[in-house]
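A.B. asks: My structure is stored as final.cif, with mmCIF, C-alpha atoms and all ligand atoms.
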```
data_input
#
loop_
_atom_site.group_PDB
_atom_site.id
_atom_site.type_symbol
_atom_site.label_atom_id
_atom_site.label_comp_id
_atom_site.auth_asym_id
_atom_site.auth_seq_id
_atom_site.Cartn_x
_atom_site.Cartn_y
_atom_site.Cartn_z
ATOM 1 C CA MET A 1 8.378 -23.761 -10.240
ATOM 2 C CA SER A 2 8.314 -22.447 -6.720
ATOM 3 C CA ALA A 3 5.054 -21.811 -4.889
ATOM 4 C CA ALA A 4 3.897 -18.227 -4.322
ATOM 5 C CA GLY A 5 7.303 -16.768 -5.117
ATOM 6 C CA GLN A 6 9.045 -19.080 -2.652
ATOM 7 C CA VAL A 7 12.815 -18.739 -2.618
ATOM 8 C CA GLY A 8 13.562 -20.640 0.579
ATOM 9 C CA ASN A 9 14.790 -17.697 2.602
ATOM 10 C CA SER A 10 14.155 -17.104 6.277
ATOM 11 C CA GLN A 11 14.600 -13.298 6.208
ATOM 12 C CA ALA A 12 11.556 -11.087 6.735
ATOM 13 C CA TYR A 13 11.415 -7.651 5.151
ATOM 14 C CA CYS A 14 9.309 -5.199 3.209
ATOM 15 C CA ARG A 15 10.857 -3.590 0.201
ATOM 16 C CA LEU A 16 9.419 -0.356 -1.076
ATOM 17 C CA TRP A 17 9.621 -0.353 -4.860
ATOM 18 C CA GLY A 18 7.360 2.649 -5.388
ATOM 19 C CA THR A 19 6.565 5.284 -2.793
ATOM 20 C CA ARG A 20 5.146 8.334 -4.577
ATOM 21 C CA GLY A 21 1.434 9.102 -4.618
ATOM 22 C CA SER A 22 -0.643 10.154 -7.614
ATOM 23 C CA ILE A 23 2.125 10.322 -10.271
ATOM 24 C CA PRO A 24 5.736 9.201 -10.665
ATOM 25 C CA ILE A 25 8.071 12.129 -10.102
ATOM 26 C CA SER A 26 11.740 12.955 -10.613
ATOM 27 C CA GLY A 27 14.071 15.954 -10.730
ATOM 28 C CA GLN A 28 16.652 17.754 -8.663
ATOM 29 C CA GLN A 29 14.205 18.433 -5.831
ATOM 30 C CA PHE A 30 13.277 14.751 -5.661
ATOM 31 C CA VAL A 31 16.659 13.033 -5.441
ATOM 32 C CA ARG A 32 15.924 11.120 -2.216
ATOM 33 C CA HIS A 33 12.164 10.760 -2.400
ATOM 34 C CA GLY A 34 11.433 10.772 -6.116
ATOM 35 C CA GLY A 35 10.497 7.851 -8.280
ATOM 36 C CA ASN A 36 7.699 5.385 -8.750
ATOM 37 C CA THR A 37 4.062 5.072 -7.721
ATOM 38 C CA PRO A 38 3.114 2.444 -5.094
ATOM 39 C CA CYS A 39 4.432 -1.082 -5.086
ATOM 40 C CA ILE A 40 5.400 -2.908 -1.900
ATOM 41 C CA GLU A 41 6.997 -6.315 -1.546
ATOM 42 C CA VAL A 42 6.416 -8.140 1.728
ATOM 43 C CA PHE A 43 8.700 -11.136 2.138
ATOM 44 C CA MET A 44 8.368 -13.545 5.074
ATOM 45 C CA ASP A 45 9.126 -17.219 5.610
ATOM 46 C CA GLY A 46 10.319 -17.680 2.048
ATOM 47 C CA HIS A 47 7.103 -16.311 0.529
ATOM 48 C CA ARG A 48 6.318 -13.048 -1.149
ATOM 49 C CA VAL A 49 3.238 -10.864 -1.264
ATOM 50 C CA ILE A 50 3.197 -7.911 -3.692
ATOM 51 C CA ILE A 51 0.925 -4.991 -2.860
ATOM 52 C CA ASP A 52 -0.127 -2.538 -5.570
ATOM 53 C CA ALA A 53 1.018 -2.272 -9.159
ATOM 54 C CA GLY A 54 2.109 1.347 -9.478
ATOM 55 C CA THR A 55 5.186 1.974 -11.637
ATOM 56 C CA GLY A 56 7.335 0.504 -8.848
ATOM 57 C CA ILE A 57 6.216 -2.946 -9.978
ATOM 58 C CA TYR A 58 8.417 -2.540 -13.087
ATOM 59 C CA PRO A 59 11.783 -2.802 -11.265
ATOM 60 C CA LEU A 60 10.332 -5.516 -9.012
ATOM 61 C CA GLY A 61 9.278 -7.509 -12.087
ATOM 62 C CA GLN A 62 12.759 -7.161 -13.599
ATOM 63 C CA ASP A 63 14.169 -8.585 -10.371
ATOM 64 C CA LEU A 64 11.649 -11.453 -10.225
ATOM 65 C CA VAL A 65 12.169 -12.716 -13.779
ATOM 66 C CA LYS A 66 15.863 -13.274 -13.032
ATOM 67 C CA ARG A 67 14.776 -15.845 -10.423
ATOM 68 C CA GLY A 68 12.818 -17.973 -12.931
ATOM 69 C CA PRO A 69 9.135 -18.838 -13.272
ATOM 70 C CA ALA A 70 7.080 -18.651 -10.104
ATOM 71 C CA LYS A 71 3.617 -18.205 -8.725
ATOM 72 C CA HIS A 72 3.070 -14.596 -7.595
ATOM 73 C CA ALA A 73 0.401 -13.057 -5.374
ATOM 74 C CA LEU A 74 -0.493 -9.437 -6.200
ATOM 75 C CA PHE A 75 -2.907 -7.486 -4.013
ATOM 76 C CA ILE A 76 -4.353 -4.268 -5.464
ATOM 77 C CA SER A 77 -5.612 -1.700 -2.964
ATOM 78 C CA HIS A 78 -7.789 -0.062 -5.648
ATOM 79 C CA THR A 79 -7.710 0.676 -9.323
ATOM 80 C CA HIS A 80 -6.889 4.391 -9.349
ATOM 81 C CA TRP A 81 -4.153 4.913 -11.926
ATOM 82 C CA ASP A 82 -1.254 5.305 -9.521
ATOM 83 C CA HIS A 83 -1.900 1.824 -8.075
ATOM 84 C CA ILE A 84 -2.218 -0.090 -11.369
ATOM 85 C CA GLN A 85 -0.311 1.847 -14.039
ATOM 86 C CA GLY A 86 2.790 -0.342 -13.737
ATOM 87 C CA PHE A 87 0.904 -3.597 -14.345
ATOM 88 C CA PRO A 88 1.232 -3.630 -18.163
ATOM 89 C CA PHE A 89 5.018 -3.311 -17.603
ATOM 90 C CA PHE A 90 5.237 -6.137 -15.028
ATOM 91 C CA THR A 91 7.623 -8.366 -16.985
ATOM 92 C CA PRO A 92 6.606 -11.703 -15.339
ATOM 93 C CA ILE A 93 3.206 -11.551 -17.099
ATOM 94 C CA TYR A 94 5.008 -11.946 -20.441
ATOM 95 C CA VAL A 95 7.042 -14.983 -19.387
ATOM 96 C CA PRO A 96 5.355 -18.366 -19.888
ATOM 97 C CA GLY A 97 5.396 -20.481 -16.749
ATOM 98 C CA ASN A 98 4.668 -17.589 -14.426
ATOM 99 C CA GLU A 99 1.342 -17.538 -12.616
ATOM 100 C CA VAL A 100 -0.089 -14.393 -11.071
ATOM 101 C CA ASP A 101 -3.062 -14.301 -8.721
ATOM 102 C CA ILE A 102 -4.446 -10.758 -8.586
ATOM 103 C CA TYR A 103 -6.713 -9.747 -5.719
ATOM 104 C CA GLY A 104 -8.609 -6.484 -5.351
ATOM 105 C CA PRO A 105 -11.721 -5.149 -3.655
ATOM 106 C CA ALA A 106 -14.998 -5.790 -5.456
ATOM 107 C CA GLU A 107 -16.455 -2.665 -7.059
ATOM 108 C CA ALA A 108 -20.179 -2.513 -7.801
ATOM 109 C CA GLY A 109 -20.833 -2.889 -11.521
ATOM 110 C CA SER A 110 -17.379 -3.978 -12.715
ATOM 111 C CA ASP A 111 -15.162 -6.985 -12.126
ATOM 112 C CA LEU A 112 -11.469 -6.546 -11.383
ATOM 113 C CA ILE A 113 -10.528 -8.432 -14.562
ATOM 114 C CA ASP A 114 -12.631 -6.053 -16.668
ATOM 115 C CA ARG A 115 -10.936 -2.994 -15.187
ATOM 116 C CA PHE A 116 -7.518 -4.478 -16.012
ATOM 117 C CA ALA A 117 -8.684 -5.445 -19.511
ATOM 118 C CA ASP A 118 -9.950 -1.886 -20.051
ATOM 119 C CA MET A 119 -6.576 -0.469 -19.034
ATOM 120 C CA MET A 120 -4.910 -2.633 -21.702
ATOM 121 C CA LYS A 121 -7.346 -1.928 -24.565
ATOM 122 C CA HIS A 122 -5.474 -1.253 -27.795
ATOM 123 C CA GLU A 123 -6.216 2.480 -27.611
ATOM 124 C CA PHE A 124 -4.141 2.640 -24.427
ATOM 125 C CA PHE A 125 -1.584 -0.177 -24.646
ATOM 126 C CA PRO A 126 -0.295 -2.392 -27.478
ATOM 127 C CA VAL A 127 -0.783 -5.764 -25.733
ATOM 128 C CA ALA A 128 -4.264 -6.891 -24.694
ATOM 129 C CA LEU A 129 -4.755 -8.558 -21.319
ATOM 130 C CA LYS A 130 -5.844 -11.802 -23.012
ATOM 131 C CA GLU A 131 -2.567 -11.905 -24.989
ATOM 132 C CA VAL A 132 -0.211 -12.074 -22.005
ATOM 133 C CA THR A 133 1.547 -15.424 -21.713
ATOM 134 C CA ALA A 134 1.595 -15.946 -17.948
ATOM 135 C CA ALA A 135 -1.453 -17.505 -16.295
ATOM 136 C CA LEU A 136 -3.450 -14.717 -14.636
ATOM 137 C CA ARG A 137 -6.258 -15.310 -12.161
ATOM 138 C CA PHE A 138 -8.346 -12.393 -10.857
ATOM 139 C CA HIS A 139 -10.095 -12.495 -7.500
ATOM 140 C CA ASP A 140 -12.691 -9.891 -6.418
ATOM 141 C CA LEU A 141 -12.596 -9.495 -2.651
ATOM 142 C CA ASP A 142 -16.036 -9.038 -1.127
ATOM 143 C CA ASP A 143 -15.796 -10.581 2.348
ATOM 144 C CA GLN A 144 -13.705 -8.599 4.827
ATOM 145 C CA SER A 145 -13.706 -11.509 7.273
ATOM 146 C CA ALA A 146 -11.965 -13.777 4.725
ATOM 147 C CA THR A 147 -8.254 -14.523 4.965
ATOM 148 C CA ILE A 148 -6.270 -15.440 1.856
ATOM 149 C CA PRO A 149 -3.462 -17.962 2.425
ATOM 150 C CA ILE A 150 -0.245 -17.354 0.457
ATOM 151 C CA GLY A 151 1.866 -20.365 1.430
ATOM 152 C CA PRO A 152 2.264 -20.028 5.202
ATOM 153 C CA LEU A 153 1.346 -16.323 5.113
ATOM 154 C CA ALA A 154 -2.161 -15.044 5.789
ATOM 155 C CA VAL A 155 -3.431 -11.918 4.030
ATOM 156 C CA SER A 156 -6.486 -10.146 5.389
ATOM 157 C CA TRP A 157 -8.081 -6.938 4.145
ATOM 158 C CA VAL A 158 -10.246 -4.069 5.275
ATOM 159 C CA ALA A 159 -12.253 -1.512 3.280
ATOM 160 C CA THR A 160 -10.726 1.979 3.432
ATOM 161 C CA ASP A 161 -12.379 5.382 3.131
ATOM 162 C CA HIS A 162 -11.618 6.489 -0.431
ATOM 163 C CA PRO A 163 -13.671 7.623 -3.446
ATOM 164 C CA CYS A 164 -13.761 4.087 -4.958
ATOM 165 C CA ALA A 165 -13.756 0.525 -3.597
ATOM 166 C CA SER A 166 -10.421 0.419 -1.805
ATOM 167 C CA ALA A 167 -8.646 -1.920 0.599
ATOM 168 C CA GLY A 168 -5.909 -2.015 3.198
ATOM 169 C CA PHE A 169 -4.027 -5.276 3.684
ATOM 170 C CA ARG A 170 -2.358 -7.071 6.564
ATOM 171 C CA VAL A 171 0.162 -9.863 5.972
ATOM 172 C CA THR A 172 0.844 -12.163 8.904
ATOM 173 C CA GLY A 173 3.570 -14.800 9.013
ATOM 174 C CA PRO A 174 3.430 -18.090 10.934
ATOM 175 C CA SER A 175 5.480 -16.536 13.741
ATOM 176 C CA GLY A 176 2.751 -13.904 14.193
ATOM 177 C CA LYS A 177 4.847 -11.051 12.764
ATOM 178 C CA SER A 178 2.730 -8.744 10.637
ATOM 179 C CA VAL A 179 2.889 -5.879 8.174
ATOM 180 C CA ALA A 180 -0.102 -3.690 7.307
ATOM 181 C CA TYR A 181 -0.570 -1.423 4.297
ATOM 182 C CA LEU A 182 -3.063 1.398 4.616
ATOM 183 C CA SER A 183 -2.765 3.814 1.716
ATOM 184 C CA ASP A 184 -5.422 6.002 0.156
ATOM 185 C CA ASN A 185 -7.560 6.172 3.263
ATOM 186 C CA GLU A 186 -9.199 9.240 4.792
ATOM 187 C CA PHE A 187 -9.140 8.601 8.525
ATOM 188 C CA LEU A 188 -11.343 10.964 10.586
ATOM 189 C CA LYS A 189 -12.825 12.512 7.448
ATOM 190 C CA GLY A 190 -13.460 16.218 7.873
ATOM 191 C CA TYR A 191 -11.908 16.487 11.345
ATOM 192 C CA LEU A 192 -9.758 19.609 11.761
ATOM 193 C CA GLY A 193 -9.440 19.756 15.552
ATOM 194 C CA MET A 194 -6.652 18.648 17.857
ATOM 195 C CA PRO A 195 -5.867 14.924 17.683
ATOM 196 C CA GLN A 196 -5.708 14.840 21.498
ATOM 197 C CA ASP A 197 -9.433 15.609 21.636
ATOM 198 C CA VAL A 198 -10.574 12.723 19.418
ATOM 199 C CA PRO A 199 -10.499 9.930 22.049
ATOM 200 C CA LEU A 200 -13.058 12.000 23.995
ATOM 201 C CA ARG A 201 -15.382 11.816 20.973
ATOM 202 C CA PRO A 202 -16.361 8.143 20.377
ATOM 203 C CA ASP A 203 -18.717 9.307 17.604
ATOM 204 C CA LEU A 204 -15.680 10.377 15.557
ATOM 205 C CA LEU A 205 -13.947 7.016 15.943
ATOM 206 C CA GLU A 206 -16.957 4.756 15.538
ATOM 207 C CA PRO A 207 -16.995 4.799 11.681
ATOM 208 C CA TYR A 208 -13.353 3.614 11.747
ATOM 209 C CA SER A 209 -13.669 0.893 14.386
ATOM 210 C CA ARG A 210 -13.061 -1.866 11.834
ATOM 211 C CA ILE A 211 -9.908 -0.188 10.501
ATOM 212 C CA LEU A 212 -8.578 0.487 14.009
ATOM 213 C CA LYS A 213 -9.057 -3.150 15.014
ATOM 214 C CA PHE A 214 -7.459 -4.263 11.753
ATOM 215 C CA ILE A 215 -4.268 -2.265 12.359
ATOM 216 C CA GLU A 216 -3.999 -2.956 16.097
ATOM 217 C CA ASN A 217 -0.584 -4.223 17.284
ATOM 218 C CA VAL A 218 0.863 -4.553 13.778
ATOM 219 C CA ASP A 219 4.689 -4.769 13.756
ATOM 220 C CA VAL A 220 5.150 -2.485 10.736
ATOM 221 C CA LEU A 221 2.551 -0.071 9.394
ATOM 222 C CA ILE A 222 3.016 1.223 5.853
ATOM 223 C CA ALA A 223 0.577 4.100 5.551
ATOM 224 C CA GLU A 224 0.020 7.516 4.042
ATOM 225 C CA ALA A 225 -0.656 10.852 5.702
ATOM 226 C CA GLN A 226 -0.574 12.688 2.423
ATOM 227 C CA TYR A 227 -1.492 16.157 3.689
ATOM 228 C CA THR A 228 -0.240 18.395 6.420
ATOM 229 C CA ASP A 229 -3.096 19.567 8.624
ATOM 230 C CA GLU A 230 -3.104 22.927 6.801
ATOM 231 C CA GLU A 231 -3.317 21.239 3.402
ATOM 232 C CA TYR A 232 -5.995 18.841 4.593
ATOM 233 C CA SER A 233 -8.406 21.643 5.468
ATOM 234 C CA GLY A 234 -8.707 22.379 1.730
ATOM 235 C CA ARG A 235 -8.809 18.728 0.618
ATOM 236 C CA ILE A 236 -11.532 17.130 2.663
ATOM 237 C CA GLY A 237 -13.155 14.273 0.782
ATOM 238 C CA TRP A 238 -10.160 13.642 -1.480
ATOM 239 C CA GLY A 239 -9.608 10.252 0.199
ATOM 240 C CA HIS A 240 -6.341 10.905 2.040
ATOM 241 C CA SER A 241 -5.471 11.443 5.696
ATOM 242 C CA SER A 242 -4.054 14.424 7.536
ATOM 243 C CA LEU A 243 -0.787 14.112 9.407
ATOM 244 C CA SER A 244 -2.391 14.568 12.829
ATOM 245 C CA SER A 245 -5.044 11.939 12.131
ATOM 246 C CA LEU A 246 -2.495 9.292 11.160
ATOM 247 C CA CYS A 247 -0.303 10.099 14.154
ATOM 248 C CA LEU A 248 -3.340 9.485 16.328
ATOM 249 C CA LEU A 249 -4.100 6.222 14.521
ATOM 250 C CA CYS A 250 -0.567 5.022 15.353
ATOM 251 C CA LYS A 251 -1.189 5.664 19.028
ATOM 252 C CA LEU A 252 -4.684 4.154 19.078
ATOM 253 C CA CYS A 253 -3.447 1.000 17.299
ATOM 254 C CA ASN A 254 -0.208 0.594 19.274
ATOM 255 C CA VAL A 255 1.931 1.075 16.146
ATOM 256 C CA LYS A 256 5.644 1.337 16.966
ATOM 257 C CA LYS A 257 7.020 1.473 13.424
ATOM 258 C CA TRP A 258 5.364 3.594 10.718
ATOM 259 C CA ILE A 259 6.682 3.816 7.182
ATOM 260 C CA VAL A 260 5.140 6.806 5.433
ATOM 261 C CA VAL A 261 4.309 6.242 1.741
ATOM 262 C CA HIS A 262 2.295 7.870 -1.074
ATOM 263 C CA HIS A 263 4.114 11.204 -0.894
ATOM 264 C CA ASP A 264 2.145 14.066 -2.434
ATOM 265 C CA PRO A 265 3.444 15.267 -5.848
ATOM 266 C CA LEU A 266 3.925 18.773 -4.369
ATOM 267 C CA HIS A 267 6.159 17.461 -1.577
ATOM 268 C CA ASP A 268 9.833 17.513 -2.550
ATOM 269 C CA ASP A 269 12.801 16.296 -0.477
ATOM 270 C CA ALA A 270 13.116 19.528 1.526
ATOM 271 C CA PHE A 271 9.399 19.639 2.258
ATOM 272 C CA LEU A 272 9.353 15.988 3.315
ATOM 273 C CA ASP A 273 12.253 16.632 5.704
ATOM 274 C CA GLN A 274 10.211 19.388 7.370
ATOM 275 C CA LYS A 275 7.115 17.187 7.389
ATOM 276 C CA LEU A 276 9.028 14.439 9.192
ATOM 277 C CA VAL A 277 10.133 16.886 11.907
ATOM 278 C CA HIS A 278 6.525 18.009 12.236
ATOM 279 C CA THR A 279 5.308 14.388 12.436
ATOM 280 C CA LYS A 280 7.647 13.727 15.354
ATOM 281 C CA GLN A 281 6.372 16.873 17.109
ATOM 282 C CA ILE A 282 2.767 15.717 16.747
ATOM 283 C CA LEU A 283 3.634 12.252 18.078
ATOM 284 C CA ARG A 284 5.396 13.820 21.069
ATOM 285 C CA GLY A 285 2.305 15.938 21.688
ATOM 286 C CA LEU A 286 0.281 12.727 21.733
ATOM 287 C CA ASP A 287 2.814 11.187 24.130
ATOM 288 C CA TRP A 288 3.396 8.372 21.646
ATOM 289 C CA ASP A 289 6.848 7.026 20.872
ATOM 290 C CA ALA A 290 6.929 5.478 17.383
ATOM 291 C CA GLU A 291 9.710 5.138 14.844
ATOM 292 C CA VAL A 292 8.699 7.024 11.686
ATOM 293 C CA ILE A 293 10.452 6.530 8.364
ATOM 294 C CA HIS A 294 9.720 8.434 5.159
ATOM 295 C CA ALA A 295 9.789 5.772 2.473
ATOM 296 C CA ALA A 296 12.101 6.072 -0.510
ATOM 297 C CA ASP A 297 12.152 3.828 -3.563
ATOM 298 C CA GLY A 298 14.347 0.760 -3.095
ATOM 299 C CA MET A 299 14.335 0.949 0.693
ATOM 300 C CA SER A 300 14.161 -2.359 2.592
ATOM 301 C CA VAL A 301 12.829 -2.477 6.136
ATOM 302 C CA PRO A 302 13.244 -5.588 8.299
ATOM 303 C CA VAL A 303 10.085 -7.054 9.836
HETATM 304 ZN ZN ZN B 401 -3.067 6.698 -4.684
HETATM 305 ZN ZN ZN B 402 -6.617 6.484 -4.826
#
```
I'd like the structure from this file rewritten - as structure tokens, please.

C.D. replies:
Amino acid sequence: MSAAGQVGNSQAYCRLWGTRGSIPISGQQFVRHGGNTPCIEVFMDGHRVIIDAGTGIYPLGQDLVKRGPAKHALFISHTHWDHIQGFPFFTPIYVPGNEVDIYGPAEAGSDLIDRFADMMKHEFFPVALKEVTAALRFHDLDDQSATIPIGPLAVSWVATDHPCASAGFRVTGPSGKSVAYLSDNEFLKGYLGMPQDVPLRPDLLEPYSRILKFIENVDVLIAEAQYTDEEYSGRIGWGHSSLSSLCLLCKLCNVKKWIVVHHDPLHDDAFLDQKLVHTKQILRGLDWDAEVIHAADGMSVPV
């Protein structure tokens, strides 16, 4: 068995196995950006960290079982359906010899293991959590200052602004290279003004000081800006960020590479193309030069 998914490879990349928000989606309007709900693989220094168990974890699991039994580290941002619904179809949990450590933010009144067991009750799924043959270990994260070692990688987390206990993650390799994942987070909740004006209003930024520090200087940011500014005005409190707010976050945190994930179900390929043009306009208006990529399932991005 290899430790923590080790395959002895010096490449560093993130692979985006699921990039849609809310529900999986397909069809003629979604040829380039259709597919699975969130699942991200971060691979550095021969070790792998998996983030979220949306339906994208199914093709990842198929890939992993071909490599033989291993110890896997799975970080769950939160337990809304789109971030866990692929877990019962994650093939490694049915292969003896595999070990899976599952980490997620502590939620008052229910343990992570109980939420996963509920999802796999017989009314919803034919195999109960206790019947799976891999060794599963669940870890409730309650200390944001804690760092979880995965081989030589360090995973840290920060609470995000979302309607349930929710986390963003940052994976740092021994060389100092890092990838952060910040999905399902409402940055600058309720703000509808110009992003240029926000730095003049420290009261607006203060509630997000921990998140801003967490993301600062990351090499690759994988994050959502699910709504255009127009859409956001009607969706305040839904737990997702506006385009302008995330563009500003990139500037404030010195982000040079932003991979946009968790595409809204209403946003098809044509709409996303327009949204990307608009994103670049907003960044220019902020005088911030960052590479922006709209994630698509199966895409690999070097770190
Ligand atoms: Zn989501
Ligand atoms: Zn959510």

A.B. asks: Kindly give the distance, in Å, that separates CA of Leu136 in chain A and CA of Pro59 in chain A, rounded to a single decimal.

C.D. replies: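 So the two atoms, CA of Leu136 in chain A and CA of Pro59 in chain A, lie 19.6 Å apart.
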
A.B. asks: If you apply the PyMOL selection byres (((chain A and resi 227-241) around 9) and not hetatm) to this file, what residues do you get, as a ChimeraX atom specification?

C.D. replies: /A:160-163,183-192,224-226,242-246,263-264,275,278

A.B. asks: Any chance you could work out the residue set of the PyMOL selection byres (((chain A and resi 141-150) around 12) and not hetatm) here, as a PyMOL selection string?

C.D. replies: chain A and resi 3-6+42-50+71-78+100-108+111-112+138-140+151-160+165-174+210-211+214

A.B. asks: Write the residues of the selection above to a file with C-alpha atoms, as a compact mmCIF listing (two decimals), in the frame of the given file.

C.D. replies:
```txt
# COMPACT_ATOMS: atom_id res chain seq x y z
CA ALA A 3 5.05 -21.81 -4.89
CA ALA A 4 3.90 -18.23 -4.32
CA GLY A 5 7.30 -16.77 -5.12
CA GLN A 6 9.04 -19.08 -2.65
CA VAL A 42 6.42 -8.14 1.73
CA PHE A 43 8.70 -11.14 2.14
CA MET A 44 8.37 -13.54 5.07
CA ASP A 45 9.13 -17.22 5.61
CA GLY A 46 10.32 -17.68 2.05
CA HIS A 47 7.10 -16.31 0.53
CA ARG A 48 6.32 -13.05 -1.15
CA VAL A 49 3.24 -10.86 -1.26
CA ILE A 50 3.20 -7.91 -3.69
CA LYS A 71 3.62 -18.20 -8.72
CA HIS A 72 3.07 -14.60 -7.60
CA ALA A 73 0.40 -13.06 -5.37
CA LEU A 74 -0.49 -9.44 -6.20
CA PHE A 75 -2.91 -7.49 -4.01
CA ILE A 76 -4.35 -4.27 -5.46
CA SER A 77 -5.61 -1.70 -2.96
CA HIS A 78 -7.79 -0.06 -5.65
CA VAL A 100 -0.09 -14.39 -11.07
CA ASP A 101 -3.06 -14.30 -8.72
CA ILE A 102 -4.45 -10.76 -8.59
CA TYR A 103 -6.71 -9.75 -5.72
CA GLY A 104 -8.61 -6.48 -5.35
CA PRO A 105 -11.72 -5.15 -3.66
CA ALA A 106 -15.00 -5.79 -5.46
CA GLU A 107 -16.45 -2.66 -7.06
CA ALA A 108 -20.18 -2.51 -7.80
CA ASP A 111 -15.16 -6.98 -12.13
CA LEU A 112 -11.47 -6.55 -11.38
CA PHE A 138 -8.35 -12.39 -10.86
CA HIS A 139 -10.10 -12.50 -7.50
CA ASP A 140 -12.69 -9.89 -6.42
CA GLY A 151 1.87 -20.36 1.43
CA PRO A 152 2.26 -20.03 5.20
CA LEU A 153 1.35 -16.32 5.11
CA ALA A 154 -2.16 -15.04 5.79
CA VAL A 155 -3.43 -11.92 4.03
CA SER A 156 -6.49 -10.15 5.39
CA TRP A 157 -8.08 -6.94 4.14
CA VAL A 158 -10.25 -4.07 5.28
CA ALA A 159 -12.25 -1.51 3.28
CA THR A 160 -10.73 1.98 3.43
CA ALA A 165 -13.76 0.52 -3.60
CA SER A 166 -10.42 0.42 -1.80
CA ALA A 167 -8.65 -1.92 0.60
CA GLY A 168 -5.91 -2.02 3.20
CA PHE A 169 -4.03 -5.28 3.68
CA ARG A 170 -2.36 -7.07 6.56
CA VAL A 171 0.16 -9.86 5.97
CA THR A 172 0.84 -12.16 8.90
CA GLY A 173 3.57 -14.80 9.01
CA PRO A 174 3.43 -18.09 10.93
CA ARG A 210 -13.06 -1.87 11.83
CA ILE A 211 -9.91 -0.19 10.50
CA PHE A 214 -7.46 -4.26 11.75
```

A.B. asks: I would like the residues chosen by the PyMOL selection byres (((not hetatm)) within 8 of (chain B and resi 401)) on the shown file; could you give them as a PyMOL selection string?

C.D. replies: chain A and resi 21-22+37-38+80-83+183-184+262

A.B. asks: Counting only C-alpha atoms and all ligand atoms, which residue out of A:Thr279, A:Gln274, A:Ser209, A:Thr79 sits closest to ligand ZN 402 (chain B)?

C.D. replies: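 Comparing A:Thr279, A:Gln274, A:Ser209, A:Thr79 against ligand ZN 402 (chain B), the winner is A:Thr79.
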
A.B. asks: So how many Å separate CA of Gln196 in chain A and CA of Asp287 in chain A, to one decimal?

C.D. replies: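 Separation of CA of Gln196 in chain A and CA of Asp287 in chain A: 9.6 Å.
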
A.B. asks: With 6 Å on each side, where is the centre of the axis-aligned box around all listed atoms of range 244-251 of chain A, and how long are its edges in Å to one decimal, as AutoDock Vina command-line options?

C.D. replies:
```
--center_x -2.7 --center_y 9.8 --center_z 15.1 --size_x 16.7 --size_y 21.5 --size_z 19.9
```

A.B. asks: Return the single residue from A:Glu291, A:Asp52, A:Val303, A:Phe90 that is closest to ligand ZN 402 (chain B), with distances computed using all atoms listed in the file.

C.D. replies: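 Among A:Glu291, A:Asp52, A:Val303, A:Phe90, it is A:Asp52 that comes nearest to ligand ZN 402 (chain B).
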